[in-house]
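J.: The structure file structure.txt (compact mmCIF, C-alpha atoms) is provided below.
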# COMPACT_ATOMS: atom_id res chain seq x y z
CA TYR A 1 0.00 0.00 0.00
CA MET A 2 1.49 3.30 -1.13
CA GLY A 3 0.65 5.11 2.09
CA LEU A 4 2.79 2.67 4.10
CA SER A 5 5.73 2.99 1.73
CA ILE A 6 5.63 6.77 2.07
CA MET A 7 5.65 6.48 5.87
CA ALA A 8 8.57 4.08 5.72
CA TYR A 9 10.43 6.50 3.50
CA PHE A 10 10.04 9.39 5.91
CA GLY A 11 11.01 7.09 8.77
CA ASP A 12 14.45 6.29 7.28
CA PHE A 13 17.09 8.01 9.44
CA SER A 14 20.16 6.52 7.72
CA PHE A 15 21.16 10.07 6.71
CA LEU A 16 22.26 10.59 10.31
CA ASP A 17 25.27 8.39 9.55
CA ASP A 18 26.42 10.75 6.81
CA PRO A 19 29.65 12.46 8.02
CA GLN A 20 28.56 15.63 6.22
CA PHE A 21 25.19 15.72 7.99
CA GLY A 22 24.53 19.10 9.57
CA LEU A 23 27.15 20.88 7.44
CA PRO A 24 26.29 23.24 4.57
CA ASP A 25 27.49 20.81 1.89
CA PHE A 26 24.88 18.30 3.03
CA TYR A 27 22.06 20.52 1.75
CA GLY A 28 23.21 20.67 -1.86
CA ASP A 29 23.88 23.79 -3.89
CA GLY A 30 21.85 26.21 -1.76
CA LEU A 31 22.96 27.55 1.59
CA PRO A 32 20.76 27.35 4.68
CA VAL A 33 18.67 30.34 5.63
CA GLY A 34 20.92 33.08 6.93
CA ALA A 35 23.99 31.89 5.03
CA TYR A 36 23.72 34.60 2.42
CA THR A 37 25.33 37.91 3.23
CA SER A 38 24.49 41.17 1.54
CA LEU A 39 26.71 41.48 -1.53
CA ALA A 40 28.83 38.49 -0.47
CA GLU A 41 32.41 39.03 -1.53
CA ASP A 42 33.12 35.38 -2.10
CA LYS A 43 30.83 32.32 -1.97
CA LYS A 44 33.60 30.15 -0.59
CA SER A 45 34.33 32.49 2.29
CA ALA A 46 30.61 32.72 3.13
CA GLU A 47 30.40 28.92 3.25
CA GLU A 48 33.44 28.76 5.54
CA GLU A 49 31.83 31.26 7.93
CA VAL A 50 28.64 29.21 8.05
CA ARG A 51 30.62 25.99 8.58
CA GLU A 52 32.45 27.54 11.54
CA GLU A 53 29.19 28.84 13.00
CA PHE A 54 27.56 25.42 12.70
CA LEU A 55 30.52 23.68 14.29
CA SER A 56 30.69 26.14 17.17
CA GLU A 57 26.96 26.21 17.96
CA GLY A 58 26.12 22.61 17.21
CA LEU A 59 24.78 20.59 14.32
CA CYS A 60 21.70 21.76 12.44
CA ILE A 61 19.20 18.91 12.63
CA GLY A 62 16.90 18.60 9.60
CA LEU A 63 15.23 16.08 7.30
CA PRO A 64 16.27 15.62 3.66
CA LYS A 65 13.84 16.47 0.88
CA PRO A 66 11.50 13.59 -0.03
CA ASP A 67 12.02 12.00 -3.43
CA ALA A 68 9.65 13.69 -5.89
CA ASN A 69 9.54 10.52 -8.01
CA ILE A 70 7.93 8.70 -5.09
CA VAL A 71 5.73 11.37 -3.55
CA LEU A 72 4.22 13.18 -6.56
CA PRO A 73 2.73 10.13 -8.32
CA TYR A 74 1.09 9.14 -5.04
CA LEU A 75 -0.43 12.58 -4.53
CA ARG A 76 -1.70 12.74 -8.11
CA SER A 77 -3.41 9.37 -7.85
CA SER A 78 -4.57 9.78 -4.27
CA PRO A 79 -8.14 8.53 -3.69
CA GLU A 80 -8.70 11.51 -1.39
CA LYS A 81 -7.83 13.91 -4.22
CA THR A 82 -10.21 12.10 -6.55
CA LYS A 83 -13.00 12.26 -3.98
CA LEU A 84 -12.52 15.98 -3.44
CA GLU A 85 -12.57 16.80 -7.16
CA LYS A 86 -15.19 14.32 -8.38
CA TYR A 87 -17.78 14.23 -5.63
CA SER A 88 -21.43 13.94 -6.64
CA LYS A 89 -23.22 17.25 -6.80
CA GLY A 90 -26.85 18.16 -7.36
CA THR A 91 -29.06 21.17 -7.93
CA THR A 92 -31.68 22.64 -10.23
CA THR A 93 -31.34 26.16 -11.59
CA LEU A 94 -33.02 27.74 -14.61
CA ALA A 95 -33.42 31.05 -16.39
CA PHE A 96 -35.31 32.11 -19.49
CA LYS A 97 -36.14 35.22 -21.45
CA PHE A 98 -39.69 36.33 -22.10
CA SER A 99 -41.50 39.46 -23.23
CA LYS A 100 -41.23 41.18 -19.83
CA GLY A 101 -37.57 40.39 -19.09
CA ILE A 102 -35.87 37.32 -17.62
CA ILE A 103 -37.07 34.86 -14.98
CA VAL A 104 -34.44 33.18 -12.80
CA ALA A 105 -35.61 30.31 -10.56
CA VAL A 106 -33.60 27.93 -8.36
CA ASP A 107 -33.97 25.36 -5.61
CA ALA A 108 -32.13 25.63 -2.27
CA ARG A 109 -30.59 22.22 -1.45
CA ALA A 110 -26.85 21.77 -0.89
CA SER A 111 -25.67 18.17 -1.11
CA MET A 112 -22.50 16.12 -1.44
CA GLY A 113 -23.33 12.64 -2.64
CA THR A 114 -26.12 11.31 -0.43
CA PHE A 115 -25.43 13.86 2.31
CA ILE A 116 -27.78 16.87 2.44
CA GLY A 117 -26.03 19.81 4.03
CA SER A 118 -28.78 22.42 3.83
CA ASN A 119 -32.17 23.18 2.31
CA LYS A 120 -31.81 26.96 2.58
CA VAL A 121 -28.89 27.82 0.29
CA ARG A 122 -29.22 31.00 -1.75
CA LYS A 123 -28.28 29.87 -5.26
CA ILE A 124 -29.07 33.18 -6.90
CA ILE A 125 -26.11 35.47 -6.30
CA GLU A 126 -26.82 39.19 -6.47
CA ILE A 127 -23.77 40.50 -8.32
CA ASN A 128 -25.01 44.09 -8.42
CA ASP A 129 -28.20 46.05 -9.03
CA TYR A 130 -28.59 44.84 -12.62
CA LEU A 131 -26.76 41.48 -12.70
CA LEU A 132 -27.58 38.07 -11.22
CA GLY A 133 -25.59 34.84 -11.16
CA THR A 134 -26.67 31.30 -10.36
CA MET A 135 -24.89 28.54 -8.48
CA ALA A 136 -24.44 24.97 -9.72
CA GLY A 137 -21.48 22.69 -9.02
CA GLY A 138 -19.24 23.57 -6.11
CA ALA A 139 -21.00 26.08 -3.88
CA ALA A 140 -17.75 27.64 -2.67
CA ASP A 141 -16.38 27.96 -6.21
CA CYS A 142 -19.50 29.68 -7.52
CA MET A 143 -19.84 31.96 -4.53
CA PHE A 144 -16.19 33.03 -4.54
CA TRP A 145 -15.77 33.72 -8.24
CA GLU A 146 -19.07 35.52 -8.64
CA ARG A 147 -18.10 37.76 -5.74
CA VAL A 148 -14.85 38.45 -7.55
CA LEU A 149 -16.93 39.23 -10.65
CA ALA A 150 -18.91 41.76 -8.59
CA GLU A 151 -15.65 43.47 -7.63
CA GLU A 152 -14.51 43.55 -11.25
CA CYS A 153 -17.82 45.08 -12.36
CA ARG A 154 -17.52 47.79 -9.73
CA LEU A 155 -13.90 48.54 -10.69
CA TYR A 156 -14.89 48.79 -14.35
CA GLU A 157 -17.65 51.25 -13.47
CA LEU A 158 -15.27 53.42 -11.45
CA GLN A 159 -12.60 53.42 -14.16
CA HIS A 160 -14.85 53.97 -17.19
CA ASN A 161 -17.81 55.82 -15.67
CA GLU A 162 -20.22 53.28 -17.18
CA LYS A 163 -21.60 49.89 -16.20
CA LEU A 164 -20.14 46.71 -17.61
CA THR A 165 -22.55 44.96 -19.98
CA VAL A 166 -23.94 41.50 -19.31
CA ARG A 167 -21.88 40.19 -22.22
CA GLY A 168 -18.76 41.79 -20.80
CA ALA A 169 -19.44 40.47 -17.29
CA SER A 170 -19.85 36.92 -18.57
CA LYS A 171 -16.57 37.24 -20.46
CA VAL A 172 -14.78 38.52 -17.36
CA LEU A 173 -16.08 35.54 -15.35
CA LEU A 174 -14.93 33.15 -18.07
CA ASN A 175 -11.46 34.68 -18.08
CA LEU A 176 -11.25 34.45 -14.29
CA ILE A 177 -12.05 30.74 -14.08
CA SER A 178 -10.41 29.54 -17.30
CA GLN A 179 -6.96 29.84 -15.74
CA TYR A 180 -7.96 27.03 -13.34
CA ARG A 181 -9.29 24.71 -16.01
CA GLY A 182 -8.61 21.07 -15.18
CA GLN A 183 -7.56 21.85 -11.60
CA GLY A 184 -10.69 20.75 -9.77
CA LEU A 185 -12.84 23.87 -10.17
CA SER A 186 -16.54 22.98 -10.40
CA MET A 187 -18.86 25.64 -11.82
CA GLY A 188 -21.91 25.68 -14.03
CA THR A 189 -23.39 29.13 -13.74
CA MET A 190 -25.65 31.54 -15.56
CA VAL A 191 -25.06 35.29 -15.77
CA ALA A 192 -28.27 37.21 -16.43
CA GLY A 193 -29.03 40.88 -16.38
CA ILE A 194 -30.03 44.09 -18.09
CA ASP A 195 -27.82 46.55 -19.94
CA ILE A 196 -28.98 49.82 -18.38
CA SER A 197 -27.74 51.98 -21.26
CA THR A 198 -29.67 50.09 -23.95
CA GLY A 199 -32.46 48.42 -21.96
CA ASN A 200 -31.62 45.03 -23.51
CA ASN A 201 -31.56 41.93 -21.32
CA ASP A 202 -29.07 39.13 -21.84
CA LEU A 203 -28.46 35.59 -20.60
CA PHE A 204 -25.23 33.57 -20.69
CA PHE A 205 -24.14 30.13 -19.55
CA VAL A 206 -20.54 29.86 -18.26
CA ASP A 207 -18.76 26.77 -16.92
CA ASP A 208 -15.34 25.73 -15.64
CA ASP A 209 -14.43 23.96 -18.92
CA GLY A 210 -14.23 27.32 -20.70
CA MET A 211 -17.68 27.23 -22.27
CA ARG A 212 -19.66 30.45 -22.67
CA ILE A 213 -22.99 30.35 -24.50
CA GLN A 214 -25.58 33.05 -25.08
CA GLY A 215 -29.18 31.83 -25.12
CA ASP A 216 -32.82 32.37 -24.32
CA LEU A 217 -33.36 29.42 -21.97
CA PHE A 218 -31.04 27.37 -19.77
CA SER A 219 -31.39 24.85 -16.97
CA ILE A 220 -28.33 23.57 -15.08
CA GLY A 221 -27.86 20.85 -12.50
CA SER A 222 -28.80 17.26 -11.81
CA GLY A 223 -32.50 18.16 -11.92
CA SER A 224 -32.25 20.01 -15.24
CA PRO A 225 -33.62 17.16 -17.41
CA TYR A 226 -36.86 17.25 -15.43
CA ALA A 227 -36.97 21.05 -15.53
CA TYR A 228 -36.42 21.01 -19.30
CA GLY A 229 -39.35 18.60 -19.64
CA VAL A 230 -41.67 21.23 -18.14
CA LEU A 231 -40.05 24.19 -19.89
CA ASP A 232 -40.06 22.62 -23.35
CA SER A 233 -43.73 21.77 -23.10
CA SER A 234 -44.95 25.15 -21.84
CA TYR A 235 -42.40 27.86 -22.67
CA LYS A 236 -43.35 30.70 -25.00
CA TYR A 237 -41.79 34.12 -25.36
CA ASP A 238 -44.98 36.22 -25.16
CA MET A 239 -45.97 35.14 -21.65
CA SER A 240 -47.19 37.55 -19.01
CA LEU A 241 -45.16 38.01 -15.84
CA ASP A 242 -47.53 35.82 -13.83
CA GLU A 243 -47.36 33.04 -16.43
CA ALA A 244 -43.56 33.18 -16.54
CA VAL A 245 -43.25 33.06 -12.75
CA GLU A 246 -45.69 30.15 -12.63
CA LEU A 247 -43.68 28.27 -15.26
CA GLY A 248 -40.41 28.77 -13.40
CA ILE A 249 -41.91 27.55 -10.14
CA LYS A 250 -43.51 24.52 -11.76
CA ALA A 251 -40.27 23.49 -13.49
CA ILE A 252 -38.24 23.71 -10.28
CA ILE A 253 -40.82 21.91 -8.17
CA ASN A 254 -41.19 18.99 -10.59
CA ALA A 255 -37.39 18.70 -10.78
CA THR A 256 -37.08 18.61 -6.99
CA PHE A 257 -39.72 15.88 -6.79
CA ARG A 258 -37.79 13.60 -9.19
CA ASP A 259 -34.21 14.55 -8.26
CA SER A 260 -33.13 13.73 -4.70
CA ALA A 261 -30.23 16.20 -4.86
CA SER A 262 -32.62 19.12 -5.42
CA GLY A 263 -35.12 20.41 -2.90
CA GLY A 264 -35.78 22.82 -0.08
CA VAL A 265 -37.49 25.97 -1.29
CA VAL A 266 -37.96 27.79 -4.60
CA ARG A 267 -36.59 31.28 -5.13
CA VAL A 268 -37.73 33.34 -8.12
CA TYR A 269 -36.23 36.62 -9.40
CA HIS A 270 -37.48 38.83 -12.22
CA ILE A 271 -35.01 40.90 -14.26
CA HIS A 272 -36.78 43.91 -15.77
CA LYS A 273 -35.79 47.14 -17.52
CA THR A 274 -34.32 48.85 -14.47
CA GLY A 275 -32.76 45.94 -12.58
CA TRP A 276 -34.09 42.89 -10.77
CA LYS A 277 -36.77 42.10 -8.20
CA ILE A 278 -37.40 39.18 -5.85
CA ILE A 279 -40.77 37.62 -6.68
CA HIS A 280 -40.68 34.66 -4.30
CA ASP A 281 -37.97 34.11 -1.73
CA ALA A 282 -38.90 30.80 -0.06
CA LEU A 283 -41.72 28.65 -1.42
CA ASP A 284 -41.72 25.17 0.12
CA VAL A 285 -41.37 22.67 -2.72
CA SER A 286 -42.96 19.69 -0.97
CA ALA A 287 -46.15 21.52 0.00
CA LEU A 288 -46.52 23.14 -3.41
CA TYR A 289 -46.00 19.91 -5.33
CA HIS A 290 -48.76 18.05 -3.54
CA GLU A 291 -51.14 20.98 -3.25
CA LYS A 292 -50.82 22.49 -6.70
CA TYR A 293 -48.73 20.64 -9.26
CA GLY A 294 -48.70 16.94 -8.44
CA ILE A 295 -50.86 14.14 -7.13
CA GLN A 296 -52.52 14.69 -3.80
CA LYS A 297 -51.08 13.05 -0.70
CA ASN A 298 -54.31 11.20 0.00
CA HIS A 299 -54.06 9.55 -3.42
CA LEU A 300 -50.78 7.81 -2.53
CA HIS A 301 -51.59 4.22 -1.63
CA LEU A 302 -49.43 1.15 -1.48
CA HIS A 303 -51.04 -1.98 -2.93
Mind turning this structure into structure tokens?

T.:
Amino acid sequence: YMGLSIMAYFGDFSFLDDPQFGLPDFYGDGLPVGAYTSLAEDKKSAEEEVREEFLSEGLCIGLPKPDANIVLPYLRSSPEKTKLEKYSKGTTTLAFKFSKGIIVAVDARASMGTFIGSNKVRKIIEINDYLLGTMAGGAADCMFWERVLAEECRLYELQHNEKLTVRGASKVLLNLISQYRGQGLSMGTMVAGIDISTGNNDLFFVDDDGMRIQGDLFSIGSGSPYAYGVLDSSYKYDMSLDEAVELGIKAIINATFRDSASGGVVRVYHIHKTGWKIIHDALDVSALYHEKYGIQKNHLHLH
């Protein structure tokens, strides 16, 4: 087992028998900390001074560097590393354009595999007064980088005396996370908002693989196939606000009923011509499904 071999390696103290142990030469080309003098006149004389200091004050006890050929392959193939980067995630988020703006709807469950951490997570991130982001994948990754995006938007506004467009914000987010591609980052997010100067709304999908897509309707997460089933059957551009809100709620609720990694409550935001507004902040999915969208509880019988 590799773990045992690594322990055995670090437990080998045969280097103590080396006659050069504790002297500067033992550490290779570099000198120990403090061996360098400002504008050293001669490397050899500096080494002699350090040698005399070590001999007079006692040996410097230290461990040799571990062999990279042994340690690095173990770390790269470590089961713990694989678990941290490839854990099962789940959520349901959606957004779509319609005649009155953009509807953004999400669930509120945070899970890691079969473990449910919370049913009250805020998966719609308020970037600023005219931009919203959604959270799917690693909660910490999405939260951190969309907060960085908020800072970048504010800096842009201060430097250029105008607000960054939705298209520009999505590109900034893509550039921020692309540098970590293939390093364990987990993000599948939507950036939605209104361009105040033109009054045009926009919707983009951005993920950690470097994908950035502009569209009219997106659903992201483990519950997205079920949400798409509702959206594809009922979506139309010329809906009223009430119809659009109802569609977003219905899609999320049906997804949470079929997908165990989605659940909690439904949150719905409406992006309009001057910014965004919270329509519903915490609708219980279980109660709504049985009362309004699904079969009644008293119709569930085991035969």

J.: Could you check which of A:Val285, A:Leu164, A:Ile249, A:Ile102 is closest to Ala227 in chain A, using only C-alpha atoms?

T.: A:Ile249

J.: Neighbouring residues of range 122-129 of chain A were defined as those with any atom within 9 Å, considering only C-alpha atoms; residues of the same chain fewer than 5 positions away were excluded. Please report them as a list in words.

T.: Thr93, Val104, Ala105, Val106, Asp107, Ala108, Arg109, Thr134, Met135, Ala136, Ala139, Cys142, Met143, Glu146, Arg147, Leu149, Ala150, Glu151, Cys153, Arg154, Arg267, Val268, Tyr269, Thr274, Gly275 and Trp276 of chain A

J.: Output, as AutoDock Vina command-line options, the centre and edge lengths in Å (one decimal) of the axis-aligned box that contains all listed atoms of range 92-96 of chain A with 8 Å of margin on each side.

T.:
--center_x -33.3 --center_y 27.4 --center_z -14.9 --size_x 20.0 --size_y 25.5 --size_z 25.3

J.: Quick one, how far is CA of Val206 in chain A from CA of Ser170 in chain A?

T.: 7.1 Å

J.: Hey, can you check how far CA of His272 in chain A sits from CA of Lys163 in chain A?

T.: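 Result for CA of His272 in chain A versus CA of Lys163 in chain A: 16.3 Å, one decimal.
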
J.: Distance CA of Gly90 in chain A-CA of Tyr180 in chain A, one decimal place?

T.: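 It comes out at 21.7 Å.
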
J.: In terms of the shortest atom-to-atom distance over all atoms listed in the file, which of A:His290, A:Lys100, A:Lys120, A:His160 is closest to Phe257 in chain A?

T.: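 Result for the nearest residue to Phe257 in chain A: A:His290.
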
J.: Which residue, A:Gly193, A:Gly184, A:Gly199, A:Gly117, has the smallest gap to Lys273 in chain A when you use only C-alpha atoms?

T.: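 Closest to Lys273 in chain A of all the choices is A:Gly199.
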